[in-house]
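Reviewing the structure listed below.
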Amino acid sequence: MKQALVDDTEDVSLDFCNEEELAFSKAKIRHPLATFFHLFFRVSAIVVYVCCDWFSRSFVGCFITVLLLLAFDFWSVKNVTGRLMVGLRWWNQIDEDGKSHWIFEARKVSESPTAATEAEARIFWLGLVVCPGIWTAFFFSTLFSLKLKWLALVIAGISLQAANLYGYILCKMGGESDISKVAASFLSQTVFQTASTDDPQKPGLDVLELRQH
């Protein structure tokens with residue numbers, strides 16, 4: 001009887017390190033370079049816009065600098081950081097019939113050892129949501145202060161960053177075309193939830209396509 005009890009207890013193993021490793025993997029940033037550039041261009045554009053009078057008196061120089069930073073941000077977020085940090089990718093293309101196609105790609109769950117972590121997802125969605133709001137505030141401040149020469153630049157900032165936000169919300173919601181439904185679904189979920197995805201160029205992709213006429 002004693003031997004049987006000993007055997008039973010020997011079969012039981014408590015592995016506390018697995019929970020610690022799981023918590024560490026959730027907090028770990030696996031793509032530090034992508035995470036850095038996800039925030040670098042958009043934050044730099046805001047800083048240069050706010051402080052341009054301190055840096056230079058050249059309106060054209062500041063205008064071009066901010067516009068280039070916004071363009072770099074749009075391209076990097078749309079094509080690189082979204083794929084690496086949350087595993088989502090979107091684009092719009094026109095077919096031979098002149099029809100507009102929204103195409104979305106999402107990585108399947110837990111198919112890649114380099115899948116995004118919760119920390120990366122938080123940073124991605126926070127930067128994606130907050131910065132368009134800042135440019136919207138710039139729009140009203142520019143309008144009310146009658147600094148109309150900056151209005152075109154502010155509108156460009158809103159347009160480029162709002163386009164990425166809109167595309168990734170559609171991508172996360174599965175390509176739903178009704179923006180009211182998208183907003184309701186998106187607000188019902190936490191924007192800090194990790195989206196598990198894979199490389200869009202490899203097998204195992206969920207590809208969603210939304211056609212707009």
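Letters A, B, ... go to the chains of the structure tokens in the order shown; residues in each chain start at 1; ligands are counted from 1 in the same order.
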
Region 65-69 of chain A surroundings by only C-alpha atoms, 9 Å radius, close-in-sequence under 6 positions cut, as a VMD selection string: chain A and resid 41 to 42 44 to 46 48 to 49 153 156 to 157

Which of these residues is nearest to Trp135 (chain A), using only C-alpha atoms: A:Met173, A:Val154, A:Leu33, A:Cys52? A:Val154

DSSP alpha helix (DSSP H) residues within region 20-173 of chain A, listed as a ChimeraX atom specification: /A:20-27,32-55,59-76,82-85,118-144,151-172

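Counting from CA of Arg83 (chain A), the distance to CA of Ile158 (chain A) is 22.0 Å.
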